[in-house]
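Enquirer: Dropping in protein_17.tsv, which is TSV, C-alpha atoms and all ligand atoms:
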```tsv
chain	number	residue	atom	x	y	z
A	89	MET	CA	-15.02	11.18	4.10
A	90	GLU	CA	-14.78	13.56	7.01
A	91	ALA	CA	-13.33	12.28	10.26
A	92	ALA	CA	-16.32	13.72	12.14
A	93	ALA	CA	-18.76	11.87	9.91
A	94	VAL	CA	-17.33	8.46	10.69
A	95	ALA	CA	-16.78	9.04	14.39
A	96	SER	CA	-20.35	7.96	15.05
A	97	CYS	CA	-20.23	4.82	12.93
A	98	GLY	CA	-21.30	1.47	14.35
A	99	SER	CA	-17.88	0.20	15.43
A	100	GLY	CA	-17.92	2.52	18.44
A	101	LEU	CA	-14.45	3.69	17.45
A	102	ARG	CA	-13.11	7.01	18.50
A	103	TYR	CA	-11.03	8.34	15.66
A	104	LEU	CA	-8.01	10.37	16.62
A	105	PRO	CA	-8.61	14.11	16.57
A	106	PRO	CA	-6.25	16.30	14.58
A	107	LEU	CA	-3.14	17.33	16.51
A	108	ASP	CA	-3.51	20.76	14.95
A	109	PRO	CA	-6.83	22.19	16.20
A	110	THR	CA	-7.30	24.14	12.97
A	111	PRO	CA	-6.39	21.65	10.26
A	112	ARG	CA	-5.94	22.95	6.76
A	113	ARG	CA	-8.68	21.67	4.48
A	114	GLN	CA	-6.79	21.67	1.25
A	115	ASN	CA	-8.33	21.57	-2.15
A	116	HIS	CA	-6.15	18.53	-2.48
A	117	ARG	CA	-7.57	17.09	-5.67
A	118	ALA	CA	-7.38	20.35	-7.56
A	119	ALA	CA	-3.84	20.89	-6.30
A	120	VAL	CA	-2.53	17.56	-7.52
A	121	ALA	CA	-4.40	17.47	-10.82
A	122	GLY	CA	-1.93	19.95	-12.24
A	123	LEU	CA	1.07	18.18	-10.78
A	124	GLY	CA	-0.02	14.91	-12.33
A	125	THR	CA	0.56	16.18	-15.85
A	126	LYS	CA	4.17	17.08	-15.05
A	127	ARG	CA	5.05	13.63	-13.79
A	128	ARG	CA	7.55	11.53	-15.65
A	129	ARG	CA	5.74	8.64	-17.27
A	130	PRO	CA	6.96	5.50	-15.47
A	131	ARG	CA	9.02	3.08	-17.52
A	132	ALA	CA	7.02	0.26	-19.02
A	133	ALA	CA	7.62	-2.97	-17.18
A	134	VAL	CA	8.74	-6.03	-19.10
A	135	ALA	CA	5.69	-7.50	-20.83
A	136	CYS	CA	5.21	-11.23	-20.47
A	137	ARG	CA	2.95	-12.47	-23.23
A	138	ARG	CA	0.74	-15.50	-22.76
A	139	PRO	CA	2.26	-16.90	-19.60
A	140	HIS	CA	0.88	-20.02	-17.95
A	141	ARG	CA	-2.87	-20.28	-17.83
A	142	VAL	CA	-4.30	-17.48	-15.74
A	143	HIS	CA	-7.55	-16.93	-13.94
A	144	ALA	CA	-9.00	-13.75	-15.33
A	145	ALA	CA	-10.53	-12.81	-12.02
A	146	ALA	CA	-9.26	-11.20	-8.88
A	147	ALA	CA	-9.79	-12.47	-5.36
A	148	ARG	CA	-13.56	-12.40	-5.33
A	149	GLY	CA	-14.57	-12.10	-8.91
A	150	SER	CA	-14.49	-8.34	-8.90
A	151	GLY	CA	-11.88	-7.96	-6.18
A	152	GLY	CA	-12.18	-6.47	-2.76
A	153	GLY	CA	-12.00	-7.71	0.76
A	154	ALA	CA	-14.45	-7.81	3.61
A	155	GLY	CA	-16.18	-4.66	2.51
A	156	ASP	CA	-16.49	-5.24	-1.25
A	157	SER	CA	-18.37	-2.36	-2.83
A	158	SER	CA	-18.03	-3.26	-6.48
A	159	SER	CA	-20.11	-2.27	-9.42
A	160	GLY	CA	-23.80	-1.67	-9.28
A	161	SER	CA	-26.36	-2.84	-11.84
A	162	GLY	CA	-25.44	-0.09	-14.28
A	163	GLY	CA	-21.94	-1.54	-14.68
A	164	VAL	CA	-20.29	1.63	-13.38
A	165	ARG	CA	-17.70	0.64	-10.83
A	166	SER	CA	-17.48	2.62	-7.65
A	167	LYS	CA	-14.04	3.62	-6.48
A	168	LYS	CA	-12.32	1.01	-4.37
A	169	ARG	CA	-12.01	2.08	-0.77
A	170	LEU	CA	-8.48	1.91	0.59
A	171	ALA	CA	-7.12	1.79	4.14
A	172	VAL	CA	-3.42	2.65	4.34
A	173	PHE	CA	-1.35	1.42	7.30
A	174	VAL	CA	1.69	3.58	8.16
A	175	SER	CA	4.29	3.86	10.97
A	176	SER	CA	6.64	6.31	9.29
A	177	GLY	CA	7.04	9.45	7.22
A	178	GLY	CA	4.18	8.72	4.87
A	179	SER	CA	5.70	9.43	1.45
A	180	ASN	CA	4.13	6.28	-0.05
A	181	LEU	CA	0.79	7.25	1.52
A	182	ARG	CA	1.13	10.64	-0.06
A	183	SER	CA	1.96	9.32	-3.52
A	184	ILE	CA	-0.99	6.91	-3.38
A	185	HIS	CA	-3.32	9.60	-2.08
A	186	GLU	CA	-2.24	11.99	-4.80
A	187	ALA	CA	-2.68	9.29	-7.44
A	188	THR	CA	-6.29	8.80	-6.34
A	189	ALA	CA	-7.10	12.36	-7.39
A	190	ALA	CA	-9.51	12.77	-10.29
A	191	CYS	CA	-6.91	12.52	-13.08
A	192	GLY	CA	-4.32	10.53	-11.13
A	193	LYS	CA	-2.99	7.11	-12.05
A	194	ALA	CA	-5.00	5.39	-9.31
A	195	SER	CA	-8.21	7.38	-9.64
A	196	SER	CA	-10.17	4.14	-9.28
A	197	GLY	CA	-9.24	4.19	-5.59
A	198	ASP	CA	-10.01	6.38	-2.63
A	199	VAL	CA	-8.05	6.54	0.64
A	200	VAL	CA	-10.75	6.35	3.34
A	201	ALA	CA	-8.70	5.48	6.44
A	202	LEU	CA	-5.21	5.73	7.87
A	203	VAL	CA	-4.22	3.10	10.43
A	204	THR	CA	-1.11	3.62	12.51
A	205	ASP	CA	0.70	2.42	15.62
A	206	LYS	CA	2.47	5.79	15.83
A	207	PRO	CA	-0.07	8.63	16.06
A	208	GLY	CA	2.65	11.28	15.74
A	209	CYS	CA	4.27	9.89	12.60
A	210	GLY	CA	4.42	11.87	9.36
A	211	GLY	CA	1.84	9.61	7.73
A	212	ALA	CA	-0.71	10.26	10.48
A	213	GLU	CA	-0.08	13.99	10.28
A	214	TYR	CA	-0.58	13.93	6.51
A	215	ALA	CA	-3.86	12.07	7.01
A	216	ARG	CA	-5.14	14.63	9.51
A	217	ARG	CA	-4.23	17.52	7.24
A	218	ASN	CA	-6.19	15.88	4.45
A	219	GLY	CA	-9.28	14.88	6.40
A	220	ILE	CA	-8.54	11.15	6.36
A	221	PRO	CA	-9.77	9.40	9.53
A	222	VAL	CA	-6.91	8.06	11.67
A	223	VAL	CA	-7.23	4.84	13.64
A	224	LEU	CA	-4.64	3.88	16.26
A	225	PHE	CA	-3.81	0.16	16.09
A	226	PRO	CA	-2.87	-2.06	17.84
A	227	ARG	CA	-3.74	-1.48	21.48
A	228	SER	CA	-0.57	-1.97	23.53
A	229	LYS	CA	1.00	-0.92	26.81
A	230	SER	CA	2.57	2.06	25.10
A	231	ALA	CA	-0.67	2.83	23.19
A	232	PRO	CA	-3.61	2.02	25.50
A	233	GLU	CA	-5.79	4.24	23.30
A	234	GLY	CA	-5.25	1.85	20.40
A	235	VAL	CA	-7.99	-0.53	19.30
A	236	PRO	CA	-7.87	-4.32	19.43
A	237	THR	CA	-8.06	-6.36	16.22
A	238	ALA	CA	-11.81	-7.09	16.40
A	239	GLN	CA	-12.59	-3.40	16.72
A	240	LEU	CA	-10.27	-2.54	13.85
A	241	LEU	CA	-12.08	-5.09	11.68
A	242	ASN	CA	-15.43	-3.52	12.60
A	243	ALA	CA	-14.10	-0.09	11.71
A	244	LEU	CA	-12.80	-1.28	8.34
A	245	ARG	CA	-16.20	-2.86	7.66
A	246	ASP	CA	-18.02	0.32	8.72
A	247	LEU	CA	-15.80	2.30	6.38
A	248	ARG	CA	-16.49	-0.28	3.62
A	249	VAL	CA	-12.78	-0.79	3.03
A	250	ASP	CA	-12.06	-2.96	-0.03
A	251	PHE	CA	-8.29	-3.12	0.14
A	252	VAL	CA	-5.58	-2.62	2.76
A	253	LEU	CA	-2.22	-1.12	1.79
A	254	LEU	CA	0.78	-1.37	4.12
A	255	ALA	CA	3.14	1.53	3.47
A	256	GLY	CA	5.94	1.55	6.02
A	257	TYR	CA	3.78	-0.14	8.68
A	258	LEU	CA	6.12	-1.88	11.13
A	259	LYS	CA	3.85	-4.24	13.07
A	260	LEU	CA	2.86	-7.75	12.13
A	261	VAL	CA	-0.65	-7.70	10.64
A	262	PRO	CA	-2.63	-10.27	12.63
A	263	GLY	CA	-4.02	-13.42	11.02
A	264	GLU	CA	-7.64	-12.33	11.58
A	265	LEU	CA	-7.09	-9.31	9.37
A	266	VAL	CA	-5.23	-11.32	6.71
A	267	GLN	CA	-8.11	-13.84	6.64
A	268	ALA	CA	-10.77	-11.13	6.47
A	269	TYR	CA	-9.10	-9.62	3.38
A	270	PRO	CA	-7.94	-12.53	1.21
A	271	ARG	CA	-5.75	-11.42	-1.68
A	272	SER	CA	-6.65	-7.87	-0.75
A	273	ILE	CA	-3.71	-6.66	1.37
A	274	LEU	CA	-0.55	-5.31	-0.25
A	275	ASN	CA	2.78	-4.27	1.28
A	276	ILE	CA	5.72	-2.33	-0.14
A	277	HIS	CA	9.16	-3.54	0.91
A	278	PRO	CA	12.43	-1.72	0.11
A	279	SER	CA	14.39	-4.66	-1.31
A	280	LEU	CA	14.07	-7.29	-4.01
A	281	LEU	CA	12.27	-9.98	-2.04
A	282	PRO	CA	12.88	-12.74	-1.11
A	283	ALA	CA	16.27	-11.14	-0.40
A	284	PHE	CA	16.60	-8.93	2.68
A	285	GLY	CA	13.11	-9.51	4.02
A	286	GLY	CA	11.55	-10.81	7.24
A	287	LYS	CA	11.65	-9.77	10.88
A	288	GLY	CA	14.28	-7.15	11.57
A	289	TYR	CA	14.41	-5.96	7.96
A	290	TYR	CA	12.79	-2.57	7.83
A	291	GLY	CA	13.79	0.97	6.96
A	292	LEU	CA	17.54	1.69	6.84
A	293	LYS	CA	18.35	-1.75	8.25
A	294	VAL	CA	17.41	-3.21	4.85
A	295	HIS	CA	19.71	-0.87	2.92
A	296	LYS	CA	22.61	-1.36	5.36
A	297	ALA	CA	22.31	-5.13	4.87
A	298	VAL	CA	22.14	-4.80	1.08
A	299	ILE	CA	25.31	-2.66	0.98
A	300	ALA	CA	27.14	-4.96	3.40
A	301	SER	CA	26.26	-7.98	1.24
A	302	GLY	CA	27.98	-6.53	-1.80
A	303	ALA	CA	24.83	-6.84	-3.93
A	304	ARG	CA	25.02	-4.70	-7.08
A	305	TYR	CA	21.26	-4.32	-7.43
A	306	SER	CA	18.44	-3.65	-5.04
A	307	GLY	CA	14.94	-2.34	-5.51
A	308	ALA	CA	11.36	-2.35	-4.29
A	309	THR	CA	8.82	-5.15	-4.05
A	310	VAL	CA	5.04	-4.93	-3.84
A	311	HIS	CA	3.65	-8.16	-2.46
A	312	PHE	CA	0.43	-9.61	-1.14
A	313	VAL	CA	0.44	-9.98	2.62
A	314	ASP	CA	0.17	-13.34	4.33
A	315	GLU	CA	0.54	-14.12	8.01
A	316	GLN	CA	4.32	-13.76	8.17
A	317	PHE	CA	6.63	-10.84	7.47
A	318	ASP	CA	7.39	-10.48	3.73
A	319	THR	CA	6.55	-14.00	2.54
A	320	GLY	CA	3.38	-13.27	0.54
A	321	ARG	CA	3.29	-13.52	-3.27
A	322	THR	CA	5.25	-10.90	-5.19
A	323	LEU	CA	3.09	-8.70	-7.43
A	324	ALA	CA	5.57	-6.16	-8.83
A	325	GLN	CA	9.21	-5.12	-8.54
A	326	ARG	CA	11.51	-2.29	-9.62
A	327	VAL	CA	15.30	-2.54	-9.73
A	328	VAL	CA	17.91	0.10	-8.87
A	329	PRO	CA	21.72	-0.12	-8.96
A	330	VAL	CA	23.72	-0.18	-5.75
A	331	LEU	CA	26.63	2.19	-6.30
A	332	ALA	CA	30.15	1.54	-4.96
A	333	ASP	CA	30.10	4.51	-2.61
A	334	ASP	CA	26.43	4.41	-1.61
A	335	THR	CA	25.43	5.25	1.92
A	336	PRO	CA	22.30	3.53	3.25
A	337	GLU	CA	20.51	6.88	3.04
A	338	GLN	CA	21.43	7.37	-0.63
A	339	LEU	CA	20.31	3.86	-1.53
A	340	ALA	CA	17.10	4.33	0.46
A	341	ALA	CA	16.28	7.50	-1.48
A	342	ARG	CA	16.89	5.77	-4.84
A	343	VAL	CA	14.68	2.84	-3.84
A	344	LEU	CA	11.98	5.09	-2.36
A	345	HIS	CA	11.70	6.97	-5.65
A	346	GLU	CA	10.89	3.68	-7.40
A	347	GLU	CA	8.54	2.63	-4.58
A	348	HIS	CA	6.32	5.60	-5.28
A	349	HIS	CA	5.88	4.54	-8.92
A	350	VAL	CA	5.59	0.80	-8.51
A	351	TYR	CA	3.14	1.01	-5.60
A	352	VAL	CA	0.84	3.42	-7.41
A	353	GLU	CA	0.83	1.17	-10.48
A	354	ALA	CA	0.08	-1.91	-8.37
A	355	VAL	CA	-2.71	-0.13	-6.50
A	356	ALA	CA	-4.23	1.05	-9.78
A	357	ALA	CA	-4.18	-2.55	-11.07
A	358	LEU	CA	-5.79	-3.79	-7.85
A	359	CYS	CA	-8.54	-1.19	-7.98
A	360	GLU	CA	-9.18	-1.78	-11.69
A	361	ASP	CA	-9.42	-5.57	-11.36
A	362	ARG	CA	-6.33	-6.06	-13.51
A	363	ILE	CA	-4.68	-8.67	-11.31
A	364	VAL	CA	-4.91	-12.20	-12.59
A	365	TRP	CA	-3.70	-15.28	-10.76
A	366	ARG	CA	-1.57	-17.71	-12.73
A	367	GLU	CA	-2.43	-21.36	-12.11
A	368	ASP	CA	0.68	-21.79	-9.94
A	369	GLY	CA	-0.49	-18.95	-7.64
A	370	VAL	CA	1.64	-16.13	-9.03
A	371	PRO	CA	-0.26	-12.82	-9.35
A	372	LEU	CA	0.25	-10.89	-12.60
A	373	ILE	CA	-0.77	-7.39	-13.61
A	374	ARG	CA	-2.68	-7.15	-16.88
A	375	THR	CA	-1.69	-4.02	-18.77
A	376	GLN	CA	-4.35	-1.38	-19.35
A	377	THR	CA	-4.07	-1.53	-23.12
A	378	ASN	CA	-3.65	-5.20	-23.99
A	379	PRO	CA	-5.60	-7.91	-22.16
A	380	ASP	CA	-3.01	-10.50	-23.27
A	381	ALA	CA	0.03	-8.64	-21.90
A	382	TYR	CA	1.24	-8.72	-18.34
A	383	ALA	CA	3.52	-6.31	-16.55
B	401	LIG	N1	1.32	-10.26	8.39
B	401	LIG	C1	2.22	-9.39	7.87
B	401	LIG	N2	2.45	-8.21	8.51
B	401	LIG	C2	3.32	-7.32	7.97
B	401	LIG	C3	4.04	-7.63	6.79
B	401	LIG	C4	3.78	-8.87	6.14
B	401	LIG	O1	4.35	-9.19	5.07
B	401	LIG	N3	2.86	-9.72	6.71
B	401	LIG	N4	4.98	-6.73	6.30
B	401	LIG	C5	5.44	-5.73	7.25
B	401	LIG	C6	6.33	-4.70	6.73
B	401	LIG	N5	7.73	-5.10	6.88
B	401	LIG	C7	8.42	-5.03	5.73
B	401	LIG	O2	7.90	-4.93	4.64
B	401	LIG	C8	8.35	-5.25	8.14
B	401	LIG	C9	8.07	-4.36	9.14
B	401	LIG	C10	8.65	-4.49	10.40
B	401	LIG	C11	9.52	-5.55	10.68
B	401	LIG	C12	10.09	-5.68	12.05
B	401	LIG	O3	11.05	-6.41	12.23
B	401	LIG	N6	9.49	-4.98	13.03
B	401	LIG	C13	9.96	-4.95	14.37
B	401	LIG	C14	9.34	-3.76	15.12
B	401	LIG	C15	9.83	-2.43	14.61
B	401	LIG	C16	9.20	-1.26	15.35
B	401	LIG	O4	8.05	-1.36	15.84
B	401	LIG	O5	9.83	-0.20	15.43
B	401	LIG	C17	9.49	-6.18	15.12
B	401	LIG	O6	8.41	-6.70	14.81
B	401	LIG	O7	10.19	-6.57	16.07
B	401	LIG	C18	9.78	-6.45	9.68
B	401	LIG	C19	9.21	-6.30	8.40
B	401	LIG	C20	4.27	-5.08	7.94
B	401	LIG	N7	3.52	-6.13	8.59
B	402	LIG	N1	9.75	-3.59	5.89
B	402	LIG	C1	8.92	-2.43	5.79
B	402	LIG	C2	9.73	-1.26	5.33
B	402	LIG	O1	10.91	-1.18	5.54
B	402	LIG	N2	9.03	-0.33	4.70
B	402	LIG	C3	9.65	0.83	4.16
B	402	LIG	O2	9.53	1.93	5.02
B	402	LIG	C4	9.59	3.11	4.22
B	402	LIG	C5	8.41	3.98	4.54
B	402	LIG	O3	8.55	5.22	3.93
B	402	LIG	P1	7.33	6.22	3.82
B	402	LIG	O4	6.69	6.28	5.20
B	402	LIG	O5	7.97	7.51	3.44
B	402	LIG	O6	6.38	5.68	2.81
B	402	LIG	C6	9.56	2.67	2.76
B	402	LIG	O7	10.85	2.64	2.21
B	402	LIG	C7	9.01	1.27	2.88
B	402	LIG	O8	9.38	0.43	1.83
```
Render the structure in this file as structure tokens.

Expert:
Amino acid sequence: MEAAAVASCGSGLRYLPPLDPTPRRQNHRAAVAGLGTKRRRPRAAVACRRPHRVHAAAARGSGGGAGDSSSGSGGVRSKKRLAVFVSSGGSNLRSIHEATAACGKASSGDVVALVTDKPGCGGAEYARRNGIPVVLFPRSKSAPEGVPTAQLLNALRDLRVDFVLLAGYLKLVPGELVQAYPRSILNIHPSLLPAFGGKGYYGLKVHKAVIASGARYSGATVHFVDEQFDTGRTLAQRVVPVLADDTPEQLAARVLHEEHHVYVEAVAALCEDRIVWREDGVPLIRTQTNPDAYA
């Protein structure tokens, strides 16, 4: 969707104009289709056969939050509409956006909005270059142009957003948004939660704490978002070793590499209705090939 096309939508929102007055309109999908074939196939996760009883349905039968736009009468599912929240460089945004290309691993999704508290961050710049509307949130003293929560919710509804993905977003997502999108907001965190999570644990601070603790393994966690920092249900994890002479930057790079794979796989599962909720509330990812196997 073009930024200009949504600027007049009912929420009354003003989307941020591109910083570059002549943004490059890339043939993004064509460009990444070729790259996709070169990608290393991600390692298969450990399959867990016939776990506890599971509910073979996502949050709302077919999944999706406040703006559910699931299948029509013909049974053909429309792509799930994704809003990505970013405060940082945007490499997870990029990997998700690339995976939503025609032949990508998450081609059942479409990134339709970028929400940020830092309009100059790499993620926001990537969005502008790729014609993704940018919304500044929250409104604050340092960002008086930002929108309050109610207006953000209207914008997400106008854009018919199904799922919200936090990807290096550093602000607490308010309860109103969490409640409007039950079981429909994911976050990626650069440690093996519940270790090294919560307020104060973000970016390099996480990796510094992991190294200082003496832990031999770290990794990435994709989890559903509840009203506190990093306490929502874990959906997927990837493990990496912590090496004896690691710097926080080296560990961060090793974890980030895994983040890009595990987040894309989790987003694909979300968009394809492959998340099932075990009776004790644990979300599991059904594999694409075997309805009885879980990643
Ligand atoms: N309701 C929720 N909101 C957010 C969650 C969540 O699980 N529930 N996850 C975070 C992301 N996060 C780690 O994954 C995280 C981000 C930031 C902080 C933090 O301590 N932030 C500082 C501010 C930093 C800054 O603005 O530069 C703070 O709040 O004082 C902790 C964890 C996204 N939101
Ligand atoms: N607690 C939140 C947190 O620390 N998030 C982390 O910020 C980085 C964003 O990188 P990116 O902008 O390149 O995707 C990622 O490592 C992400 O896990």

Enquirer: Compile the contact shell of Ala171 of chain A as a PyMOL selection string: residues with an atom at most 6 Å away, counting only C-alpha atoms, same-chain residues fewer than 6 positions apart removed.

Expert: chain A and resi 199-202+252

Enquirer: Please report as CSV every residue of segment 282-359 of chain A lying within 9 Å of segment 365-372 of chain A, along with the nearest atom pair and their distance in Å (one decimal), using all atoms listed in the file.

Expert:
```
residue,atom,partner,partner_atom,distance
A:Phe312,CA,A:Pro371,CA,8.8
A:Arg321,CA,A:Val370,CA,6.5
A:Thr322,CA,A:Pro371,CA,7.2
A:Leu323,CA,A:Pro371,CA,5.6
A:Ala324,CA,A:Leu372,CA,8.1
```

Enquirer: Just checking: using all atoms listed in the file, which residue out of A:Tyr257, A:Tyr305, A:Ser179, A:Ile184 ends up closest to Asp334 of chain A?

Expert: A:Tyr305

Enquirer: Find the axis-aligned box for ligand LIG 402 (chain B), covering all its listed atoms and adding 5 Å on each side, and write its centre and edge lengths in Å to one decimal as AutoDock Vina command-line options.

Expert:
```
--center_x 8.6 --center_y 2.0 --center_z 3.9 --size_x 14.5 --size_y 21.1 --size_z 14.1
```

Enquirer: Compute the set of protein, DNA and RNA residues whose minimum atom distance to ligand LIG 401 (chain B) is at most 10 Å, using all atoms listed in the file, and state it as a PyMOL selection string.

Expert: chain A and resi 173-176+205-206+253-266+273-279+281+284-291+293-294+308-321

Enquirer: What separation in Å, quoted to one decimal, exists between atom CA of Leu339 of chain A and atom CA of Gln325 of chain A?

Expert: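 These two atoms are separated by 15.9 Å.
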
Enquirer: What is the atom CA of Tyr382 of chain A-atom CA of Ala268 of chain A distance in Å, reported with one decimal?

Expert: 27.7 Å

Enquirer: What is the distance, in Å and to one decimal place, between atom CA of Leu331 of chain A and atom CA of Gly177 of chain A?

Expert: 24.9 Å

Enquirer: Please determine, counting only C-alpha atoms, which residue among A:Leu181, A:Leu344, A:Val364, A:Ile220 has the shortest atom-to-atom distance to Arg326 of chain A.

Expert: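 Smallest distance to Arg326 of chain A is found for A:Leu344.
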
Enquirer: Check the smallest atom-to-atom distance from each of A:His295, A:Ile373, A:Ser301, A:Pro221 to Arg342 of chain A using only C-alpha atoms, then report the winner.

Expert: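 Among the listed residues, the smallest separation from Arg342 of chain A belongs to A:His295.
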
Enquirer: Determine the nearest neighbour of Ala303 of chain A from the options A:Ala243, A:Leu280, A:Val330, A:Ala341, counting all atoms listed in the file.

Expert: A:Val330

Enquirer: Considering only C-alpha atoms and all ligand atoms, state which residue in the set A:Gly307, A:Pro329, A:Gly219, A:Pro232 is at the smallest distance from ligand LIG 402 (chain B).

Expert: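 Closest to ligand LIG 402 (chain B), using only C-alpha atoms and all ligand atoms: A:Gly307.
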
Enquirer: From the set A:Pro236, A:Arg362, A:Ala283, A:His348, which residue has the shortest atom-to-atom contact distance to Gly178 of chain A, counting all atoms listed in the file?

Expert: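 With all atoms listed in the file as the atom set, the closest residue is A:His348.
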
Enquirer: Residues at most 7 Å from Val203 of chain A, counting all atoms listed in the file, excluding those fewer than 3 positions away in the same chain, as a ChimeraX atom specification?

Expert: /A:172-174,222-225

Enquirer: For the residues selected in the previous step, produce a file with C-alpha atoms as an mmCIF file, keeping the file's coordinate frame.

Expert:
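again12.cif, freshly written:
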```
data_model
loop_
_atom_site.group_PDB
_atom_site.id
_atom_site.type_symbol
_atom_site.label_atom_id
_atom_site.label_comp_id
_atom_site.auth_asym_id
_atom_site.auth_seq_id
_atom_site.Cartn_x
_atom_site.Cartn_y
_atom_site.Cartn_z
ATOM 1 C CA VAL A 172 -3.420 2.650 4.340
ATOM 2 C CA PHE A 173 -1.350 1.420 7.300
ATOM 3 C CA VAL A 174 1.690 3.580 8.160
ATOM 4 C CA VAL A 222 -6.910 8.060 11.670
ATOM 5 C CA VAL A 223 -7.230 4.840 13.640
ATOM 6 C CA LEU A 224 -4.640 3.880 16.260
ATOM 7 C CA PHE A 225 -3.810 0.160 16.090
#
```
